[in-house]
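What follows is the content of coords.cif, which has mmCIF, C-alpha atoms and all ligand atoms:
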```cif
data_upload
loop_
_atom_site.label_atom_id
_atom_site.label_comp_id
_atom_site.auth_asym_id
_atom_site.auth_seq_id
_atom_site.Cartn_x
_atom_site.Cartn_y
_atom_site.Cartn_z
CA MET A 483 24.80 -25.98 19.93
CA LYS A 484 27.88 -24.45 18.39
CA ILE A 485 26.77 -21.29 16.66
CA ALA A 486 28.36 -18.67 14.45
CA LEU A 487 26.62 -15.29 14.43
CA THR A 488 27.15 -13.59 11.07
CA TYR A 489 26.64 -9.83 10.91
CA ASN A 490 27.81 -6.60 9.31
CA LEU A 491 28.94 -4.05 11.85
CA LYS A 492 27.57 -0.52 11.83
CA ARG A 493 30.46 1.98 11.71
CA LYS A 494 31.08 5.68 11.69
CA ASP A 495 32.87 6.80 8.54
CA ASP A 496 32.84 10.46 7.62
CA THR A 497 33.89 9.71 4.05
CA LYS A 498 30.58 7.86 3.44
CA PRO A 499 27.02 9.26 3.18
CA ALA A 500 25.27 9.59 6.56
CA ASP A 501 22.94 6.65 5.89
CA TYR A 502 25.64 4.36 4.46
CA PHE A 503 25.74 1.92 7.39
CA SER A 504 22.14 2.36 8.57
CA GLU A 505 21.13 -1.21 7.74
CA CYS A 506 24.08 -2.71 9.64
CA ASP A 507 24.04 -3.79 13.28
CA SER A 508 25.51 -2.11 16.33
CA GLU A 509 27.94 -3.62 18.86
CA GLU A 510 25.04 -3.55 21.38
CA THR A 511 22.82 -5.71 19.16
CA ILE A 512 25.60 -8.21 18.45
CA GLY A 513 26.49 -8.36 22.16
CA SER A 514 22.84 -8.89 23.12
CA ILE A 515 22.33 -11.76 20.67
CA VAL A 516 25.55 -13.44 21.81
CA ALA A 517 24.51 -13.04 25.47
CA ALA A 518 21.02 -14.40 24.72
CA LEU A 519 22.40 -17.48 22.97
CA GLU A 520 24.89 -18.07 25.78
CA THR A 521 22.12 -17.75 28.38
CA LYS A 522 20.38 -20.59 26.56
CA GLY A 523 23.52 -22.73 26.85
CA HIS A 524 24.99 -22.36 23.35
CA SER A 525 28.56 -21.55 22.46
CA VAL A 526 28.76 -18.61 20.06
CA GLU A 527 31.33 -16.92 17.91
CA ALA A 528 30.37 -13.61 16.33
CA ILE A 529 31.77 -12.98 12.84
CA ASN A 530 31.75 -9.60 11.16
CA VAL A 531 31.35 -10.72 7.58
CA GLU A 532 34.30 -9.80 5.42
CA TYR A 533 35.44 -11.56 2.30
CA PRO A 534 37.41 -13.88 2.27
CA LYS A 535 37.42 -14.25 6.07
CA LEU A 536 34.07 -16.01 5.98
CA PHE A 537 35.33 -18.86 3.79
CA SER A 538 38.45 -19.42 5.87
CA TYR A 539 36.39 -19.35 9.09
CA PHE A 540 34.07 -22.09 7.89
CA ASN A 541 37.01 -24.05 6.50
CA LYS A 542 38.53 -24.19 9.95
CA ASN A 543 35.42 -24.37 12.14
CA ASN A 544 32.49 -26.73 12.19
CA VAL A 545 29.29 -25.15 13.48
CA ASP A 546 25.84 -26.63 14.04
CA MET A 547 24.03 -23.51 12.89
CA VAL A 548 24.68 -19.98 11.69
CA PHE A 549 22.56 -17.28 13.27
CA ASN A 550 22.46 -14.90 10.34
CA ILE A 551 21.67 -11.21 10.58
CA ALA A 552 24.17 -10.04 7.93
CA GLU A 553 22.82 -7.35 5.64
CA GLY A 554 25.52 -7.97 3.04
CA ALA A 555 27.88 -5.61 1.31
CA HIS A 556 27.13 -4.98 -2.35
CA GLY A 557 24.24 -4.28 -4.65
CA LYS A 558 20.66 -5.37 -4.99
CA PHE A 559 21.14 -8.93 -3.78
CA ARG A 560 23.32 -8.08 -0.80
CA GLU A 561 21.12 -9.72 1.86
CA SER A 562 21.52 -13.00 -0.04
CA GLU A 563 25.32 -12.98 0.01
CA VAL A 564 25.85 -14.85 3.28
CA PRO A 565 22.98 -17.35 2.77
CA ALA A 566 24.29 -18.09 -0.75
CA ILE A 567 27.73 -18.88 0.64
CA LEU A 568 26.21 -21.01 3.41
CA ASP A 569 24.02 -22.87 0.89
CA TYR A 570 27.13 -23.56 -1.17
CA LEU A 571 29.00 -24.82 1.90
CA ASN A 572 25.90 -26.77 3.03
CA ILE A 573 25.79 -25.07 6.45
CA PRO A 574 22.33 -24.50 8.00
CA TYR A 575 21.34 -20.96 8.99
CA THR A 576 18.49 -19.12 10.63
CA GLY A 577 16.01 -17.02 8.71
CA SER A 578 14.98 -16.78 5.10
CA GLY A 579 16.91 -18.25 2.20
CA THR A 580 18.76 -16.54 -0.63
CA PHE A 581 15.76 -16.26 -2.92
CA SER A 582 13.34 -14.70 -0.42
CA LEU A 583 15.97 -12.26 0.85
CA ALA A 584 16.69 -11.03 -2.69
CA LEU A 585 12.99 -10.81 -3.48
CA ALA A 586 12.03 -8.88 -0.34
CA LEU A 587 14.84 -6.39 -0.96
CA ASN A 588 13.22 -5.57 -4.30
CA LYS A 589 10.08 -3.70 -3.29
CA ALA A 590 8.51 -3.51 -6.76
CA LEU A 591 8.95 -7.20 -7.49
CA THR A 592 7.55 -8.08 -4.07
CA LYS A 593 4.53 -5.86 -4.78
CA LYS A 594 3.87 -7.72 -8.03
CA ILE A 595 3.75 -10.97 -6.06
CA LEU A 596 1.44 -9.39 -3.46
CA ARG A 597 -0.86 -8.25 -6.28
CA ALA A 598 -0.96 -11.78 -7.67
CA GLU A 599 -1.96 -13.01 -4.19
CA ASN A 600 -4.67 -10.33 -3.82
CA ILE A 601 -2.82 -8.68 -0.97
CA PRO A 602 -3.44 -4.90 -1.00
CA THR A 603 -0.34 -2.79 -1.68
CA PRO A 604 -0.26 0.85 -2.81
CA ASP A 605 -0.54 1.49 -6.58
CA PHE A 606 2.91 2.10 -7.99
CA GLN A 607 5.22 2.72 -10.90
CA VAL A 608 8.94 2.08 -11.29
CA PHE A 609 11.18 4.82 -12.71
CA SER A 610 14.54 3.85 -14.16
CA LYS A 611 15.38 6.82 -16.41
CA GLY A 612 13.99 9.91 -14.71
CA ASN A 613 11.97 11.24 -17.64
CA GLU A 614 9.15 8.67 -17.83
CA GLU A 615 5.53 9.70 -18.21
CA LEU A 616 3.69 9.34 -14.92
CA ASP A 617 1.01 6.69 -15.04
CA ALA A 618 -2.27 8.66 -15.30
CA SER A 619 -4.01 6.39 -12.79
CA LEU A 620 -1.67 7.35 -9.91
CA ARG A 621 -3.02 9.96 -7.51
CA PHE A 622 -0.94 12.54 -5.61
CA PRO A 623 0.44 12.68 -2.96
CA LEU A 624 2.99 10.09 -4.05
CA ILE A 625 6.03 8.84 -2.16
CA VAL A 626 9.31 8.13 -3.97
CA LYS A 627 11.65 5.49 -2.51
CA PRO A 628 14.80 3.70 -3.61
CA ASN A 629 13.52 0.32 -4.82
CA CYS A 630 16.14 -1.79 -3.03
CA GLU A 631 17.03 -0.18 0.30
CA GLY A 632 16.02 -0.67 3.92
CA SER A 633 16.17 1.34 7.16
CA ALA A 634 14.35 4.12 5.28
CA LYS A 635 17.57 4.98 3.44
CA GLY A 636 16.87 7.73 0.92
CA ILE A 637 13.44 8.47 2.41
CA SER A 638 12.80 11.92 3.86
CA LYS A 639 9.72 14.10 4.06
CA ALA A 640 10.78 15.67 0.72
CA ASN A 641 10.08 12.29 -0.86
CA VAL A 642 6.34 12.84 -0.47
CA VAL A 643 5.44 14.89 -3.52
CA ASN A 644 2.38 16.66 -4.88
CA ASN A 645 3.37 17.40 -8.47
CA ARG A 646 5.29 15.91 -11.39
CA GLU A 647 8.20 18.35 -11.16
CA ASP A 648 9.01 17.48 -7.53
CA LEU A 649 8.47 13.82 -8.30
CA LEU A 650 11.06 13.78 -11.11
CA LYS A 651 13.53 15.74 -8.98
CA ILE A 652 13.45 13.08 -6.26
CA VAL A 653 13.45 10.25 -8.79
CA ARG A 654 16.65 11.65 -10.36
CA GLU A 655 18.27 12.09 -6.93
CA ILE A 656 17.58 8.44 -6.14
CA LEU A 657 18.90 7.25 -9.52
CA ASP A 658 22.01 9.36 -8.94
CA ILE A 659 22.79 8.64 -5.30
CA TYR A 660 21.57 5.06 -4.92
CA HIS A 661 22.25 3.82 -8.48
CA GLN A 662 18.97 1.96 -8.64
CA GLU A 663 15.38 2.30 -9.75
CA ALA A 664 12.99 4.59 -7.90
CA LEU A 665 9.68 3.20 -6.72
CA VAL A 666 6.85 5.72 -6.87
CA GLU A 667 3.72 4.77 -4.96
CA GLU A 668 0.56 6.35 -3.65
CA PHE A 669 1.02 7.76 -0.16
CA ILE A 670 -1.37 6.05 2.25
CA ASP A 671 -2.30 8.62 4.84
CA GLY A 672 -3.30 6.47 7.81
CA LYS A 673 -2.20 4.42 10.78
CA GLU A 674 1.31 2.95 10.60
CA LEU A 675 1.50 -0.68 11.71
CA THR A 676 4.15 -3.34 11.68
CA VAL A 677 3.52 -7.05 12.17
CA GLY A 678 6.02 -9.60 13.43
CA ILE A 679 5.82 -13.25 12.48
CA LEU A 680 7.76 -15.85 14.35
CA GLU A 681 7.77 -19.51 13.47
CA ASN A 682 8.51 -21.80 16.33
CA GLY A 683 6.74 -25.10 16.02
CA LYS A 684 3.69 -23.25 14.87
CA THR A 685 3.58 -19.92 13.07
CA ARG A 686 2.89 -17.09 15.45
CA VAL A 687 1.70 -13.61 14.57
CA LEU A 688 2.90 -11.34 17.38
CA PRO A 689 0.79 -8.51 18.79
CA ILE A 690 0.62 -5.76 16.16
CA LEU A 691 2.76 -2.67 16.78
CA GLU A 692 1.27 0.74 15.98
CA ILE A 693 3.67 3.63 15.55
CA ASP A 694 2.03 6.99 16.16
CA PHE A 695 3.87 10.07 14.89
CA SER A 696 1.34 12.64 16.05
CA ASN A 697 3.59 13.98 18.80
CA CYS A 698 6.48 14.49 16.36
CA ASN A 699 4.75 17.45 14.68
CA ASN A 700 7.31 19.99 15.96
CA SER A 701 10.10 18.03 14.27
CA GLY A 702 8.40 18.46 10.88
CA GLU A 703 8.57 14.70 10.39
CA TYR A 704 5.34 12.76 10.21
CA PHE A 705 6.18 9.23 9.10
CA TYR A 706 8.95 6.61 9.51
CA SER A 707 11.56 8.56 7.53
CA TRP A 708 15.30 7.93 7.77
CA ARG A 709 15.70 10.77 10.30
CA MET A 710 12.83 9.38 12.36
CA LYS A 711 14.46 5.93 12.46
CA GLU A 712 18.02 7.14 12.93
CA TYR A 713 17.26 9.62 15.73
CA GLN A 714 14.25 7.82 17.22
CA GLY A 715 13.70 8.93 20.79
CA ASP A 716 15.67 12.20 20.46
CA ARG A 717 13.59 14.67 22.49
CA GLU A 718 15.49 17.75 21.37
CA LEU A 719 14.73 16.95 17.75
CA GLY A 720 11.16 16.04 18.69
CA LEU A 721 11.54 12.64 17.06
CA THR A 722 9.62 10.73 19.69
CA PRO A 723 6.99 8.51 18.09
CA SER A 724 4.76 6.64 20.50
CA PHE A 725 4.45 2.90 20.31
CA HIS A 726 1.27 0.99 21.02
CA CYS A 727 1.52 -2.76 21.23
CA PRO A 728 -0.99 -4.24 20.77
CA ALA A 729 -2.14 -1.63 18.26
CA ARG A 730 -5.35 0.30 18.92
CA LEU A 731 -7.55 -1.54 16.43
CA ASP A 732 -10.99 -3.09 16.49
CA ARG A 733 -11.10 -6.87 16.50
CA GLU A 734 -12.03 -7.20 12.85
CA THR A 735 -9.23 -4.91 11.61
CA GLU A 736 -6.73 -6.63 13.87
CA GLU A 737 -7.60 -10.03 12.39
CA LEU A 738 -7.46 -8.66 8.86
CA VAL A 739 -4.05 -7.04 9.41
CA LYS A 740 -2.65 -10.26 10.88
CA GLU A 741 -4.02 -12.32 8.01
CA VAL A 742 -2.51 -9.97 5.43
CA ALA A 743 0.90 -10.09 7.16
CA LEU A 744 0.84 -13.88 7.31
CA LYS A 745 -0.14 -14.13 3.65
CA THR A 746 2.74 -11.78 2.80
CA HIS A 747 5.22 -13.85 4.83
CA ARG A 748 4.12 -16.97 2.97
CA ALA A 749 3.92 -15.35 -0.48
CA VAL A 750 7.53 -14.19 -0.21
CA GLY A 751 8.61 -17.55 1.23
CA CYS A 752 10.05 -16.14 4.46
CA LEU A 753 11.32 -18.50 7.15
CA ASP A 754 11.54 -18.25 10.95
CA ILE A 755 11.03 -14.49 11.24
CA SER A 756 9.71 -11.51 9.29
CA ARG A 757 8.26 -8.06 9.88
CA THR A 758 5.65 -6.66 7.50
CA ASP A 759 5.11 -2.89 7.32
CA ILE A 760 1.51 -1.87 6.75
CA ARG A 761 -0.51 1.34 6.51
CA LEU A 762 -4.26 1.45 7.01
CA ASP A 763 -6.25 3.75 4.76
CA LYS A 764 -9.31 5.63 5.97
CA ASN A 765 -11.51 2.58 5.28
CA ASN A 766 -9.20 0.37 7.35
CA VAL A 767 -7.83 -1.43 4.30
CA PRO A 768 -4.37 -2.73 5.26
CA TYR A 769 -1.88 -1.81 2.53
CA VAL A 770 1.39 -3.74 2.67
CA LEU A 771 4.37 -1.44 2.08
CA GLU A 772 7.05 -4.12 2.30
CA ILE A 773 8.29 -7.16 4.20
CA ASN A 774 11.57 -7.35 6.13
CA PRO A 775 12.99 -10.88 6.45
CA LEU A 776 15.95 -9.51 8.47
CA PRO A 777 14.18 -7.17 10.92
CA GLY A 778 16.33 -5.22 13.37
CA LEU A 779 16.95 -7.05 16.66
CA ASP A 780 18.25 -4.25 18.86
CA PRO A 781 16.75 -5.21 22.24
CA LYS A 782 15.89 -1.59 23.13
CA GLU A 783 15.29 0.21 19.82
CA SER A 784 13.99 -2.26 17.26
CA ASN A 785 10.33 -2.85 16.46
CA PHE A 786 10.50 -6.65 16.43
CA PRO A 787 11.63 -7.16 20.06
CA ILE A 788 8.91 -4.71 21.22
CA MET A 789 6.33 -7.07 19.70
CA ALA A 790 7.98 -10.15 21.22
CA TYR A 791 7.95 -8.48 24.68
CA ALA A 792 4.24 -7.72 24.24
CA ALA A 793 3.73 -11.44 23.58
CA GLY A 794 5.34 -12.16 26.96
CA MET A 795 8.72 -13.25 25.62
CA LYS A 796 12.08 -12.20 26.97
CA TYR A 797 14.80 -11.19 24.52
CA GLU A 798 16.58 -14.52 24.95
CA ASP A 799 13.32 -16.39 24.26
CA LEU A 800 12.96 -14.52 20.97
CA ILE A 801 16.50 -15.37 19.89
CA GLU A 802 16.06 -19.00 20.96
CA ALA A 803 12.75 -19.24 19.07
CA ILE A 804 14.44 -18.18 15.82
CA LEU A 805 17.19 -20.73 16.43
CA LEU A 806 14.77 -23.56 17.25
CA SER A 807 12.66 -22.84 14.20
CA ALA A 808 15.73 -23.10 11.96
CA SER A 809 16.88 -26.26 13.80
CA GLU A 810 13.54 -27.96 13.18
CA ARG A 811 13.87 -27.21 9.49
CA LYS A 812 17.39 -28.63 9.50
CA SER A 813 16.18 -31.88 11.03
CA LEU A 814 13.58 -32.21 8.25
CA ASN A 815 16.20 -31.93 5.48
N1 LIG B 901 3.06 4.21 0.28
C1 LIG B 901 3.31 4.75 1.47
N2 LIG B 901 2.35 5.45 2.11
C2 LIG B 901 2.58 6.03 3.32
N3 LIG B 901 3.77 5.96 3.96
C3 LIG B 901 4.75 5.27 3.37
C4 LIG B 901 4.59 4.62 2.10
N4 LIG B 901 5.76 4.02 1.78
C5 LIG B 901 6.60 4.27 2.80
N5 LIG B 901 6.02 5.03 3.74
C6 LIG B 901 6.64 5.52 4.99
O1 LIG B 901 8.04 5.41 4.89
C7 LIG B 901 8.54 4.42 5.81
C8 LIG B 901 9.68 3.64 5.21
O2 LIG B 901 9.22 2.99 4.02
P1 LIG B 901 9.54 1.47 3.74
O3 LIG B 901 9.09 0.64 4.88
O4 LIG B 901 9.03 1.12 2.39
O5 LIG B 901 11.13 1.56 3.65
P2 LIG B 901 12.33 0.69 4.22
O6 LIG B 901 13.55 1.50 4.03
O7 LIG B 901 12.33 -0.63 3.55
O8 LIG B 901 11.99 0.49 5.74
P3 LIG B 901 12.65 -0.47 6.85
O9 LIG B 901 13.37 0.45 7.76
O10 LIG B 901 11.44 -1.04 7.51
O11 LIG B 901 13.52 -1.46 6.18
C9 LIG B 901 7.32 3.58 6.16
O12 LIG B 901 7.49 2.94 7.40
C10 LIG B 901 6.22 4.64 6.17
O13 LIG B 901 6.24 5.44 7.33
MG MG B 902 9.87 -0.52 6.28
#
```

Using structure tokens, write down the structure that the file contains.
Amino acid sequence: MKIALTYNLKRKDDTKPADYFSECDSEETIGSIVAALETKGHSVEAINVEYPKLFSYFNKNNVDMVFNIAEGAHGKFRESEVPAILDYLNIPYTGSGTFSLALALNKALTKKILRAENIPTPDFQVFSKGNEELDASLRFPLIVKPNCEGSAKGISKANVVNNREDLLKIVREILDIYHQEALVEEFIDGKELTVGILENGKTRVLPILEIDFSNCNNSGEYFYSWRMKEYQGDRELGLTPSFHCPARLDRETEELVKEVALKTHRAVGCLDISRTDIRLDKNNVPYVLEINPLPGLDPKESNFPIMAYAAGMKYEDLIEAILLSASERKSLN
């Protein structure tokens, strides 16, 4: 197949906030996906998405499929930018469509859909002004997050709060810095899990990945904060979570967690691939925090490939599975 890989490149830019490019992809990830596709016999051109380059590229080049990992550039619907253009140009692409990408990027809206589907998700409230009354039913500790970010942008240990004053301080910081609503939700103090779903012929729930932060205590970090993600593996900083795949769960909990992730994937309308972040409470209830339709695909660092390897796949098999799933859909259209 002739494939275009669409992506947004991670850059260093001292004039931007430290987390500005965190969602974007590294040269290593791009190179690995290109190599994987080539190993499987495809011809690939990688395109760092910049307007209006994308239009002129597709004007001049016919491709069979776009392998899309672009996070987009602007605003709350940014992950939908490239799929929307491809829909308009009638070019098939891998992964979820415009609607699901926009929905999943809005955590509060996604949670309302999960609620409607009886999928457990932490109790929450959205703050858009910074002086709202806190819903009396919410119990501290609470975590405050930007409503429409990924890669744990804007999430540090200070975002877990125990009183109204600290809560409003973080809410206002988020409104100020990220120019978007703040999502306040109950902090679920339990096992951190993430579940990969891969559709290739049949829908496959990959072995669950458990991320254990107990040996990060010296770093002061104790959950998947931005620092934890950005500096993952840094021994000097003590940011060395341990990964268990499959997760250390009893059979019943494992089945329940997989079922909840699959229901979430379907409720949000994801296609080909997704990664659902879950926390277990002390009664083993799996609370869905969010779903990522564009999970990171760094072959060494990202959670999704770890789960694919545990399922016995090589990196190139994972990339090919995403492509084949999208190709099957194309042939049905
Ligand atoms: N309600 C919660 N209870 C406990 N921990 C939470 C909660 N919400 C978020 N966290 C912690 O913060 C991390 C990041 O939160 P979340 O997954 O919502 O953000 P994100 O920026 O969308 O992440 P990603 O990098 O997966 O895109 C979680 O993986 C978890 O460790
Ligand atoms: Mg997450």

**Message:** Please list as a VMD selection string every residue within 9 Å of stretch 591-594 of chain A, counting only C-alpha atoms and excluding residues in the same chain fewer than 2 positions away.
**Reply:** chain A and resid 585 to 589 596 to 599 601 to 604 606 749 to 750 770 to 773

**Message:** Show me which residues line ligand MG 902 (chain B), defined as having an atom within 9 Å of a ligand atom where all atoms listed in the file count, and present them as a PyMOL selection string.
**Reply:** chain A and resi 632-634+676+706+757-760+771-774

I need the residues from that last selection saved to file as a PDB file, in the coordinates of the input (with C-alpha atoms), if you can.
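Generated output (result.pdb):
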```
ATOM      1  CA  GLY A 632      16.020  -0.670   3.920  1.00  0.00           C
ATOM      2  CA  SER A 633      16.170   1.340   7.160  1.00  0.00           C
ATOM      3  CA  ALA A 634      14.350   4.120   5.280  1.00  0.00           C
ATOM      4  CA  THR A 676       4.150  -3.340  11.680  1.00  0.00           C
ATOM      5  CA  TYR A 706       8.950   6.610   9.510  1.00  0.00           C
ATOM      6  CA  ARG A 757       8.260  -8.060   9.880  1.00  0.00           C
ATOM      7  CA  THR A 758       5.650  -6.660   7.500  1.00  0.00           C
ATOM      8  CA  ASP A 759       5.110  -2.890   7.320  1.00  0.00           C
ATOM      9  CA  ILE A 760       1.510  -1.870   6.750  1.00  0.00           C
ATOM     10  CA  LEU A 771       4.370  -1.440   2.080  1.00  0.00           C
ATOM     11  CA  GLU A 772       7.050  -4.120   2.300  1.00  0.00           C
ATOM     12  CA  ILE A 773       8.290  -7.160   4.200  1.00  0.00           C
ATOM     13  CA  ASN A 774      11.570  -7.350   6.130  1.00  0.00           C
TER      14      ASN A 774
END
```

**Surrounding residues of A:Gly612 excluding itself and chain neighbours under 5 positions, 7 Å, only C-alpha atoms, as a ChimeraX atom specification** = /A:650,653-654

Residues just named, written with C-alpha atoms as a PDB file, in the frame of the given file:
```pdb
ATOM      1  CA  LEU A 650      11.060  13.780 -11.110  1.00  0.00           C
ATOM      2  CA  VAL A 653      13.450  10.250  -8.790  1.00  0.00           C
ATOM      3  CA  ARG A 654      16.650  11.650 -10.360  1.00  0.00           C
TER       4      ARG A 654
END
```

**Request:** Please tell me which residues are no farther than 9 Å from (10.2, -6.8, 18.3) in the file, counting all atoms listed in the file, and write them as a ChimeraX atom specification.
**Result:** /A:678,688,691,757,777-781,783-792,797,800

**Asked** Using all atoms listed in the file, which of A:Glu712, A:Asp799, A:Asp763, A:Asp617 sits nearest A:Ile637?
**Response**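 The shortest atom-to-atom distance to A:Ile637 comes from A:Glu712.
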
**Prompt:** Once you count all atoms listed in the file, which residues end up no further than 8 Å from (23.9, -1.0, 6.3) in the file's frame, shown as a PyMOL selection string?
**Reply:** chain A and resi 490+492+501-507+553-555

**Prompt:** Could you state the separation of atom CA of A:Asn765 and atom CA of A:His726 in Å, given to one decimal place?
**Reply:**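 Answer for the atom CA of A:Asn765 to atom CA of A:His726 separation: 20.3 Å.
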
**Request:** Extract, using all atoms listed in the file, all DNA, RNA and protein residues at most 12 Å from A:Leu616, discarding same-chain residues fewer than 2 positions from it, and format them as a list in words.
**Result:** Phe606, Gln607, Val608, Phe609, Gly612, Asn613, Glu614, Ala618, Ser619, Leu620, Arg621, Phe622, Leu624, Asn645, Arg646, Glu647, Leu649, Leu650, Val653, Leu665, Val666 and Glu667 of chain A
